[in-house]
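S.K.: I'm passing along data-v3.pdb; it holds PDB, C-alpha atoms.
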ATOM      1  CA  MET A 202      15.419  16.659  13.220
ATOM      2  CA  ILE A 203      12.063  17.222  14.835
ATOM      3  CA  ASP A 204       9.900  14.598  16.547
ATOM      4  CA  ASN A 205       7.693  12.979  13.949
ATOM      5  CA  GLN A 206       4.611  13.239  16.124
ATOM      6  CA  LEU A 207       5.079  17.039  16.314
ATOM      7  CA  VAL A 208       5.432  17.263  12.535
ATOM      8  CA  GLN A 209       2.381  15.052  12.154
ATOM      9  CA  ALA A 210       0.288  17.148  14.537
ATOM     10  CA  ALA A 211       1.271  20.333  12.701
ATOM     11  CA  LEU A 212       0.314  18.927   9.293
ATOM     12  CA  ILE A 213      -2.962  17.481  10.543
ATOM     13  CA  SER A 214      -3.986  20.749  12.164
ATOM     14  CA  LYS A 215      -3.143  22.583   8.934
ATOM     15  CA  ALA A 216      -5.194  20.170   6.822
ATOM     16  CA  ASN A 217      -8.144  20.335   9.196
ATOM     17  CA  SER A 218      -8.164  24.125   9.036
ATOM     18  CA  SER A 219      -7.872  24.277   5.251
ATOM     19  CA  SER A 220     -11.002  25.501   3.482
ATOM     20  CA  ILE A 221      -9.943  23.743   0.263
ATOM     21  CA  VAL A 222      -9.671  20.354   1.986
ATOM     22  CA  ALA A 223     -13.000  21.012   3.732
ATOM     23  CA  THR A 224     -14.868  21.201   0.407
ATOM     24  CA  HIS A 225     -15.184  17.408   0.290
ATOM     25  CA  ILE A 226     -14.377  16.125   3.773
ATOM     26  CA  PRO A 227     -15.601  17.634   7.052
ATOM     27  CA  SER A 228     -13.066  19.659   9.013
ATOM     28  CA  GLY A 229     -11.526  17.722  11.887
ATOM     29  CA  THR A 230     -11.754  14.353  10.172
ATOM     30  CA  VAL A 231      -8.196  14.287   8.810
ATOM     31  CA  LEU A 232      -6.229  12.033  11.165
ATOM     32  CA  GLU A 233      -2.987  10.079  11.412
ATOM     33  CA  TYR A 234      -2.705   6.919   9.304
ATOM     34  CA  GLU A 235      -2.373   4.619  12.306
ATOM     35  CA  PHE A 236      -5.501   6.041  13.957
ATOM     36  CA  GLN A 237      -7.084   3.220  15.955
ATOM     37  CA  GLY A 238     -10.470   4.745  16.752
ATOM     38  CA  VAL A 239     -13.735   3.014  15.963
ATOM     39  CA  ASP A 240     -15.416   5.964  14.206
ATOM     40  CA  TRP A 241     -14.516   5.443  10.597
ATOM     41  CA  THR A 242     -16.642   7.302   8.085
ATOM     42  CA  TYR A 243     -16.040   7.758   4.368
ATOM     43  CA  PRO A 244     -14.680   9.666   2.605
ATOM     44  CA  ASN A 245     -11.734  10.470   4.831
ATOM     45  CA  ALA A 246      -8.060  11.360   4.687
ATOM     46  CA  ARG A 247      -5.107  10.102   6.685
ATOM     47  CA  LEU A 248      -1.545  11.346   7.065
ATOM     48  CA  LYS A 249       1.532   9.103   7.084
ATOM     49  CA  ILE A 250       5.015  10.459   7.714
ATOM     50  CA  ASP A 251       7.191   8.473   5.318
ATOM     51  CA  THR A 252      10.675   9.633   6.260
ATOM     52  CA  GLN A 253      12.581  12.512   7.816
ATOM     53  CA  TYR A 254      16.266  13.247   7.248
ATOM     54  CA  ASP A 255      18.768  16.067   7.659
ATOM     55  CA  LEU A 256      18.929  18.562   4.833
ATOM     56  CA  SER A 257      22.662  18.074   4.485
ATOM     57  CA  ASP A 258      25.294  15.827   6.023
ATOM     58  CA  ASP A 259      26.814  18.613   8.108
ATOM     59  CA  THR A 260      23.511  19.682   9.667
ATOM     60  CA  VAL A 261      23.626  19.371  13.447
ATOM     61  CA  SER A 262      19.952  19.834  14.222
ATOM     62  CA  CYS A 263      17.704  21.762  11.814
ATOM     63  CA  PRO A 264      16.667  22.201   9.070
ATOM     64  CA  ALA A 265      15.471  18.779   8.084
ATOM     65  CA  VAL A 266      13.457  17.399   5.216
ATOM     66  CA  VAL A 267      10.235  15.511   5.808
ATOM     67  CA  GLU A 268       8.421  13.371   3.281
ATOM     68  CA  PHE A 269       4.817  12.541   3.971
ATOM     69  CA  SER A 270       1.754  11.159   2.222
ATOM     70  CA  TRP A 271      -1.900  12.084   2.380
ATOM     71  CA  TYR A 272      -4.046   9.014   1.852
ATOM     72  CA  VAL A 273      -7.624   9.521   0.747
ATOM     73  CA  PHE A 274     -10.168   6.744   1.208
ATOM     74  CA  SER A 275     -13.540   6.548  -0.479
ATOM     75  CA  GLU A 276     -16.269   3.945  -0.597
ATOM     76  CA  LYS A 277     -17.920   5.164  -3.786
ATOM     77  CA  GLY A 278     -18.442   2.930  -6.820
ATOM     78  CA  THR A 279     -15.732   4.713  -8.818
ATOM     79  CA  SER A 280     -12.389   6.292  -7.986
ATOM     80  CA  LYS A 281     -13.665   9.786  -8.835
ATOM     81  CA  GLU A 282     -14.294  10.963  -5.280
ATOM     82  CA  ALA A 283     -10.921   9.754  -3.977
ATOM     83  CA  ASP A 284      -9.103  11.476  -6.857
ATOM     84  CA  GLU A 285     -11.091  14.666  -6.352
ATOM     85  CA  ILE A 286     -10.178  14.875  -2.682
ATOM     86  CA  ALA A 287      -6.546  14.076  -3.508
ATOM     87  CA  GLY A 288      -6.726  17.017  -5.920
ATOM     88  CA  ASP A 289      -7.909  19.210  -3.026
ATOM     89  CA  PHE A 290      -4.815  18.252  -1.048
ATOM     90  CA  VAL A 291      -2.582  19.101  -4.009
ATOM     91  CA  LEU A 292      -4.285  22.472  -4.348
ATOM     92  CA  ALA A 293      -4.124  23.175  -0.614
ATOM     93  CA  PHE A 294      -0.498  22.197  -0.053
ATOM     94  CA  ARG A 295       1.443  22.776  -3.272
ATOM     95  CA  GLY A 296       4.015  25.538  -2.710
ATOM     96  CA  LEU A 297       2.547  26.310   0.706
ATOM     97  CA  SER A 298       4.751  27.730   3.462
ATOM     98  CA  PHE A 299       3.264  27.848   6.929
ATOM     99  CA  SER A 300       4.002  27.589  10.628
ATOM    100  CA  ALA A 301       2.200  25.316  13.055
ATOM    101  CA  ASN A 302       3.038  23.654  16.363
ATOM    102  CA  GLY A 303       6.305  25.609  16.562
ATOM    103  CA  ILE A 304       7.505  24.224  13.222
ATOM    104  CA  LYS A 305       8.069  26.173  10.036
ATOM    105  CA  PHE A 306       7.298  24.321   6.794
ATOM    106  CA  VAL A 307       9.085  25.824   3.813
ATOM    107  CA  ARG A 308       7.390  25.444   0.413
ATOM    108  CA  VAL A 309       5.709  22.071   0.442
ATOM    109  CA  LYS A 310       6.496  20.276  -2.787
ATOM    110  CA  VAL A 311       3.993  17.797  -4.179
ATOM    111  CA  LEU A 312       6.100  14.896  -5.427
ATOM    112  CA  GLU A 313       3.354  12.688  -6.792
ATOM    113  CA  ASN A 314      -0.415  12.636  -7.003
ATOM    114  CA  ILE A 315      -0.985   8.903  -7.302
ATOM    115  CA  LYS A 316      -4.229   7.820  -8.903
ATOM    116  CA  ALA A 317      -6.690   5.963  -6.713
ATOM    117  CA  ILE A 318      -6.404   2.190  -6.611
ATOM    118  CA  ARG A 319      -8.428  -0.445  -4.791
ATOM    119  CA  GLN A 320      -7.534  -0.639  -1.100
ATOM    120  CA  ASP A 321      -9.871  -3.617  -0.745
ATOM    121  CA  VAL A 322     -13.075  -4.878  -2.332
ATOM    122  CA  ARG A 323     -15.099  -1.824  -1.313
ATOM    123  CA  THR A 324     -12.586   0.999  -0.762
ATOM    124  CA  TRP A 325     -10.540   3.259  -3.030
ATOM    125  CA  ARG A 326      -7.214   4.712  -1.927
ATOM    126  CA  ALA A 327      -5.547   7.750  -3.508
ATOM    127  CA  GLN A 328      -2.179   9.086  -2.373
ATOM    128  CA  VAL A 329      -0.529  12.502  -2.505
ATOM    129  CA  ARG A 330       3.192  12.417  -1.731
ATOM    130  CA  CYS A 331       4.773  15.617  -0.457
ATOM    131  CA  ARG A 332       8.154  16.896   0.679
ATOM    132  CA  SER A 333       9.004  19.947   2.733
ATOM    133  CA  THR A 334      11.965  21.486   4.479
ATOM    134  CA  ILE A 335      11.177  22.019   8.147
ATOM    135  CA  HIS A 336      12.813  23.816  11.037
ATOM    136  CA  GLU A 337      11.935  24.773  14.580
ATOM    137  CA  ILE A 338      10.835  28.339  15.151
TER     138      ILE A 338
ATOM    139  CA  MET B 175      24.588  18.678  -1.352
ATOM    140  CA  LYS B 176      21.182  17.369  -2.347
ATOM    141  CA  THR B 177      20.288  13.942  -1.018
ATOM    142  CA  ILE B 178      18.794  11.693  -3.674
ATOM    143  CA  GLN B 179      16.011   9.433  -2.480
ATOM    144  CA  ALA B 180      15.036   6.064  -3.902
ATOM    145  CA  ALA B 181      11.670   7.572  -4.894
ATOM    146  CA  ASP B 182      13.457  10.354  -6.805
ATOM    147  CA  LEU B 183      14.794   7.706  -9.178
ATOM    148  CA  VAL B 184      11.782   5.414  -9.343
ATOM    149  CA  PRO B 185       8.529   7.185  -8.446
ATOM    150  CA  VAL B 186       6.141   5.395  -6.099
ATOM    151  CA  SER B 187       3.414   5.585  -8.773
ATOM    152  CA  VAL B 188       5.560   3.390 -11.061
ATOM    153  CA  LEU B 189       5.962   0.803  -8.297
ATOM    154  CA  ILE B 190       2.251   0.894  -7.490
ATOM    155  CA  ASN B 191       1.466   0.262 -11.155
ATOM    156  CA  ILE B 192       3.864  -2.686 -11.130
ATOM    157  CA  SER B 193       2.228  -4.072  -7.978
ATOM    158  CA  ARG B 194      -1.195  -3.719  -9.572
ATOM    159  CA  ARG B 195       0.035  -5.489 -12.697
ATOM    160  CA  VAL B 196       1.315  -8.417 -10.609
ATOM    161  CA  ALA B 197      -1.916  -8.505  -8.568
ATOM    162  CA  THR B 198      -4.103  -8.487 -11.696
ATOM    163  CA  LYS B 199      -2.033 -11.221 -13.329
ATOM    164  CA  ALA B 200      -2.152 -13.257 -10.106
ATOM    165  CA  TYR B 201      -5.941 -12.970 -10.083
ATOM    166  CA  MET B 202      -6.144 -14.170 -13.697
ATOM    167  CA  ILE B 203      -3.886 -17.153 -12.957
ATOM    168  CA  ALA B 204      -5.871 -17.953  -9.799
ATOM    169  CA  VAL B 205      -9.124 -18.020 -11.773
ATOM    170  CA  GLU B 206      -7.521 -20.257 -14.447
ATOM    171  CA  LYS B 207      -6.359 -22.675 -11.737
ATOM    172  CA  ASN B 208      -9.770 -22.742 -10.012
ATOM    173  CA  VAL B 209      -8.518 -21.165  -6.805
ATOM    174  CA  PRO B 210     -11.671 -20.161  -4.885
ATOM    175  CA  ILE B 211     -11.124 -16.420  -5.141
ATOM    176  CA  ARG B 212     -14.210 -14.212  -5.340
ATOM    177  CA  SER B 213     -12.833 -11.006  -6.897
ATOM    178  CA  SER B 214      -9.629  -9.238  -7.860
ATOM    179  CA  GLY B 215     -10.133  -7.192  -4.668
ATOM    180  CA  GLU B 216      -8.960 -10.199  -2.636
ATOM    181  CA  ILE B 217      -5.390  -9.615  -3.827
ATOM    182  CA  LEU B 218      -4.458  -6.249  -2.367
ATOM    183  CA  VAL B 219      -1.718  -3.722  -3.036
ATOM    184  CA  ASP B 220      -0.632  -2.470   0.383
ATOM    185  CA  VAL B 221       0.389   1.061   1.345
ATOM    186  CA  PRO B 222       4.024   1.735   0.326
ATOM    187  CA  LYS B 223       6.686   1.893   3.027
ATOM    188  CA  ILE B 224       9.125   4.597   1.991
ATOM    189  CA  THR B 225      12.597   5.229   3.387
ATOM    190  CA  GLN B 226      15.528   7.087   1.881
ATOM    191  CA  ARG B 227      17.029   3.996   0.298
ATOM    192  CA  GLN B 228      14.120   1.664  -0.129
ATOM    193  CA  ILE B 229      10.479   1.503  -1.117
ATOM    194  CA  THR B 230       8.507  -1.587  -0.159
ATOM    195  CA  ILE B 231       5.047  -2.423  -1.448
ATOM    196  CA  ASN B 232       3.520  -5.657  -0.202
ATOM    197  CA  ILE B 233       0.929  -7.587  -2.128
ATOM    198  CA  LYS B 234      -1.439  -9.033   0.429
ATOM    199  CA  LEU B 235      -4.093 -11.708   0.294
ATOM    200  CA  SER B 236      -7.370 -10.885   1.987
ATOM    201  CA  ASN B 237      -7.504 -14.203   3.860
ATOM    202  CA  ASN B 238      -5.490 -17.319   4.723
ATOM    203  CA  ARG B 239      -7.832 -19.556   2.753
ATOM    204  CA  ILE B 240      -6.416 -18.170  -0.507
ATOM    205  CA  ALA B 241      -2.841 -18.249   0.806
ATOM    206  CA  ALA B 242      -3.226 -21.991   1.402
ATOM    207  CA  TYR B 243      -3.493 -22.469  -2.369
ATOM    208  CA  GLU B 244      -0.314 -20.500  -3.089
ATOM    209  CA  TRP B 245       1.944 -22.686  -0.942
ATOM    210  CA  GLY B 246      -0.264 -25.696  -0.259
ATOM    211  CA  SER B 247      -1.508 -26.746   3.167
ATOM    212  CA  GLY B 248      -1.621 -29.830   5.387
ATOM    213  CA  ILE B 249       0.405 -32.723   3.950
ATOM    214  CA  HIS B 250       0.921 -30.734   0.712
ATOM    215  CA  ARG B 251       2.488 -27.660   2.283
ATOM    216  CA  THR B 252       5.710 -26.363   0.775
ATOM    217  CA  ARG B 253       6.451 -24.057   3.734
ATOM    218  CA  GLY B 254       6.770 -25.324   7.299
ATOM    219  CA  THR B 255       6.200 -28.896   8.458
ATOM    220  CA  PRO B 256       3.657 -30.946   6.516
ATOM    221  CA  GLY B 257       0.965 -32.734   8.495
ATOM    222  CA  MET B 258      -2.737 -33.559   8.733
ATOM    223  CA  TYR B 259      -5.245 -31.186  10.311
ATOM    224  CA  SER B 260      -7.038 -32.906  13.160
ATOM    225  CA  ILE B 261     -10.664 -31.732  13.210
ATOM    226  CA  ASP B 262     -13.136 -32.765  15.934
ATOM    227  CA  ALA B 263     -16.868 -32.117  16.133
ATOM    228  CA  LYS B 264     -17.448 -29.334  18.666
ATOM    229  CA  ASN B 265     -21.028 -28.112  18.738
ATOM    230  CA  ALA B 266     -22.595 -31.374  17.591
ATOM    231  CA  PRO B 267     -21.765 -35.057  18.213
ATOM    232  CA  ASN B 268     -20.648 -35.624  14.607
ATOM    233  CA  LEU B 269     -19.214 -33.936  11.542
ATOM    234  CA  VAL B 270     -21.545 -34.491   8.565
ATOM    235  CA  PHE B 271     -20.433 -33.853   4.985
ATOM    236  CA  GLU B 272     -20.624 -35.098   1.428
ATOM    237  CA  GLY B 273     -17.836 -37.520   0.549
ATOM    238  CA  THR B 274     -15.366 -36.948  -2.280
ATOM    239  CA  ASN B 275     -13.023 -39.210  -4.316
ATOM    240  CA  GLU B 276     -13.629 -42.864  -3.347
ATOM    241  CA  PHE B 277     -16.435 -41.782  -0.965
ATOM    242  CA  LYS B 278     -18.227 -39.763  -3.654
ATOM    243  CA  GLY B 279     -22.019 -39.915  -3.371
ATOM    244  CA  GLN B 280     -21.948 -40.936   0.279
ATOM    245  CA  THR B 281     -22.812 -38.851   3.314
ATOM    246  CA  ILE B 282     -20.016 -39.176   5.854
ATOM    247  CA  ILE B 283     -20.921 -39.019   9.553
ATOM    248  CA  THR B 284     -17.943 -39.081  11.901
ATOM    249  CA  PRO B 285     -16.821 -37.372  15.129
ATOM    250  CA  HIS B 286     -13.264 -36.831  13.857
ATOM    251  CA  VAL B 287     -11.329 -36.344  10.601
ATOM    252  CA  ASN B 288      -7.704 -35.901   9.653
ATOM    253  CA  HIS B 289      -7.869 -33.355   6.857
ATOM    254  CA  PRO B 290      -4.984 -33.542   4.355
ATOM    255  CA  GLY B 291      -5.220 -29.856   3.327
ATOM    256  CA  VAL B 292      -5.028 -28.643  -0.261
ATOM    257  CA  ALA B 293      -2.384 -29.171  -2.932
ATOM    258  CA  PRO B 294      -0.577 -25.994  -4.060
ATOM    259  CA  ARG B 295      -1.930 -24.139  -7.078
ATOM    260  CA  PRO B 296       0.477 -21.162  -7.070
ATOM    261  CA  PHE B 297      -0.650 -17.919  -8.633
ATOM    262  CA  LEU B 298       1.519 -15.203  -7.016
ATOM    263  CA  GLU B 299       4.949 -16.557  -7.973
ATOM    264  CA  PRO B 300       3.884 -17.320 -11.567
ATOM    265  CA  ALA B 301       2.413 -13.788 -11.805
ATOM    266  CA  LYS B 302       5.725 -12.315 -10.656
ATOM    267  CA  ARG B 303       7.605 -14.378 -13.225
ATOM    268  CA  ALA B 304       5.157 -13.571 -16.039
ATOM    269  CA  THR B 305       5.363  -9.803 -15.496
ATOM    270  CA  ARG B 306       9.053  -9.629 -14.586
ATOM    271  CA  GLN B 307      10.363  -8.336 -17.926
ATOM    272  CA  GLU B 308       7.704  -5.655 -18.193
ATOM    273  CA  ASN B 309       8.255  -4.607 -14.568
ATOM    274  CA  LEU B 310      12.018  -4.388 -14.984
ATOM    275  CA  GLU B 311      11.551  -2.336 -18.133
ATOM    276  CA  ASP B 312       9.299   0.148 -16.273
ATOM    277  CA  ILE B 313      11.857   0.511 -13.470
ATOM    278  CA  ARG B 314      14.722   0.874 -15.943
ATOM    279  CA  LYS B 315      12.852   3.530 -17.938
ATOM    280  CA  ALA B 316      11.858   5.582 -14.881
ATOM    281  CA  ASN B 317      15.347   5.304 -13.413
ATOM    282  CA  LEU B 318      17.032   6.448 -16.610
ATOM    283  CA  GLU B 319      14.650   9.347 -17.126
ATOM    284  CA  ASN B 320      14.942  10.648 -13.555
ATOM    285  CA  MET B 321      18.703  10.112 -13.368
ATOM    286  CA  ARG B 322      19.027  12.267 -16.499
ATOM    287  CA  LEU B 323      16.864  15.005 -14.933
ATOM    288  CA  ILE B 324      18.818  14.938 -11.662
ATOM    289  CA  ILE B 325      22.182  15.157 -13.435
ATOM    290  CA  ARG B 326      20.892  17.982 -15.630
ATOM    291  CA  GLY B 327      19.667  19.808 -12.487
ATOM    292  CA  MET B 328      23.060  19.384 -10.821
ATOM    293  CA  ALA B 329      24.932  20.574 -13.921
ATOM    294  CA  ARG B 330      22.798  23.718 -14.049
ATOM    295  CA  LYS B 331      23.815  24.573 -10.458
ATOM    296  CA  VAL B 332      27.514  24.149 -11.269
TER     297      VAL B 332
END
Take the structure in the file and write it out as structure tokens.

M.R.:
Amino acid sequence: MIDNQLVQAALISKANSSSIVATHIPSGTVLEYEFQGVDWTYPNARLKIDTQYDLSDDTVSCPAVVEFSWYVFSEKGTSKEADEIAGDFVLAFRGLSFSANGIKFVRVKVLENIKAIRQDVRTWRAQVRCRSTIHEI
Amino acid sequence: MKTIQAADLVPVSVLINISRRVATKAYMIAVEKNVPIRSSGEILVDVPKITQRQITINIKLSNNRIAAYEWGSGIHRTRGTPGMYSIDAKNAPNLVFEGTNEFKGQTIITPHVNHPGVAPRPFLEPAKRATRQENLEDIRKANLENMRLIIRGMARKV
């Protein structure tokens, strides 16, 4: 298995450099879910690593499987914007293979594109769940 | 051999829909019981916590004031040790408020009160109970459907 923070950094850098993702949210604004900064503008997207496990029981180190979620937050009156941006993530990552941060991601699979729901009174939250096999280069 | 995850059997979207159903029902019950809740947005569906074997979605209340009505507070509390809340005037010499019950119509002026808290008017537990059958049915349906797909996928490989 690979350190989660390395996997996270690789995915974030990929999302921030994606032209599809950048159609609705400015490049460089995709961050980790637990980001504790004070600059919080909408709409935005956050990454959460859900789980990482070995591909098979007899695997000693790599490859592993990582499951992660892109969360999209919007402050608009309807869920449209959040769902649109979630759609961008689906388009940008579905079936994508890429290398970043010394990690190879093999065919990202979009598991679920979950429709936006209320995060709180003012904010919408959409979620795109993904899975990918990863190994060190 | 392929590892099967909890979310492969019951998708997270199904569980989020269930959580929303419970939250919506809880809001309706809270309104019926006159719990001072301003909008359905005060009962929140939290971000799912996903592991290989388990998916957890918490339903959160936006503030403790509402939670006090679920389990009761002060001498009425059903969790923890019951007791009065001792409240003293801080920024003024006295606490001034309109009286209720036997003091109704009077203006009370006092430096100290022992507040009894509020009696429980549960809305979360009843919402869980009211939606239980429907929720179980959704889980059962998703589980059955995905189990069938997984087994079919495995059979194809063999």

S.K.: Kindly provide the residues of chain B that approach chain A to within 6 Å, each paired with its closest atom pair and their distance in Å to one decimal, based on only C-alpha atoms, listed by chain and increasing number, as CSV.

M.R.:
residue,atom,partner,partner_atom,distance
B:Ser187,CA,A:Ile315,CA,5.7
B:Gly215,CA,A:Val322,CA,4.4
B:Ile224,CA,A:Asp251,CA,5.5
B:Thr225,CA,A:Thr252,CA,5.6

S.K.: How big is the axis-aligned box around all listed atoms of segment 308-312 of chain B once 5 Å goes on each side, and where's its centre, in Å to one decimal, as JSON?

M.R.:
{"center_x": 9.9, "center_y": -2.8, "center_z": -16.4, "size_x": 14.3, "size_y": 15.8, "size_z": 13.6}

S.K.: I'd like to know which of B:Arg212, B:Glu276, B:Thr252, B:Asn317 is closest to Val186 of chain B, using only C-alpha atoms.

M.R.: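 Ranking B:Arg212, B:Glu276, B:Thr252, B:Asn317 by distance to Val186 of chain B, first place goes to B:Asn317.
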
S.K.: On this structure, which residues satisfy the PyMOL selection byres ((chain B and resi 316) around 12), written as a PyMOL selection string?

M.R.: chain B and resi 180-189+309-315+317-323

S.K.: What does the PyMOL selection byres ((chain A and resi 334) around 9) select in this file, as a VMD selection string?

M.R.: chain A and resid 256 264 to 268 305 to 309 332 to 333 335 to 336

S.K.: Would you list the contacts of Pro296 of chain B as a PyMOL selection string, taking every protein, DNA or RNA residue within 7 Å and counting all atoms listed in the file, but skipping same-chain residues closer than 5 positions in sequence?

M.R.: chain B and resi 243-245

S.K.: In terms of the shortest atom-to-atom distance over all atoms listed in the file, which of A:Ala216, A:Val273, A:Leu248, A:Val208 is closest to Ile304 of chain A?

M.R.: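 Residue with the minimum atom-to-atom distance to Ile304 of chain A: A:Val208.
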
S.K.: Can you work out the spacing between atom CA of Phe294 of chain A and atom CA of Val311 of chain A in Å, to one decimal?

M.R.: 7.5 Å

S.K.: What is the atom CA of Phe271 of chain B-atom CA of His289 of chain B distance in Å, reported with one decimal?

M.R.: 12.7 Å

S.K.: Please identify all polymer residues lying at most 12 Å from the point (-19.8, -33.2, 16.0) (file coordinates), using all atoms listed in the file, and present the result as a ChimeraX atom specification.

M.R.: /B:261-271,282-287

S.K.: Suppose you want the space between atom CA of Ala211 of chain A and atom CA of Val231 of chain A; what is it in Å?

M.R.: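 Taking atom CA of Ala211 of chain A as the start and atom CA of Val231 of chain A as the end point, the length is 11.9 Å.
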
S.K.: Carefully work through the PyMOL selection byres ((chain A and resi 233) around 7) for this structure and note down the residues it includes, as a ChimeraX atom specification.

M.R.: /A:232,234-236,247-249

S.K.: For a cutoff of 10 Å around the file-coordinate point (-11.7, 14.5, 10.2), which residues qualify once you count only C-alpha atoms? I'd like the result as a list in words.

M.R.: Ile213, Ala216, Asn217, Ala223, Ile226, Pro227, Ser228, Gly229, Thr230, Val231, Leu232, Glu233, Trp241, Thr242, Tyr243, Pro244, Asn245, Ala246 and Arg247 of chain A

S.K.: For Ile192 of chain B, which of B:Ile240, B:Val219, B:Ile211, B:Ile178 is the closest residue, counting all atoms listed in the file?

M.R.: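 Comparing B:Ile240, B:Val219, B:Ile211, B:Ile178 against Ile192 of chain B, the winner is B:Val219.
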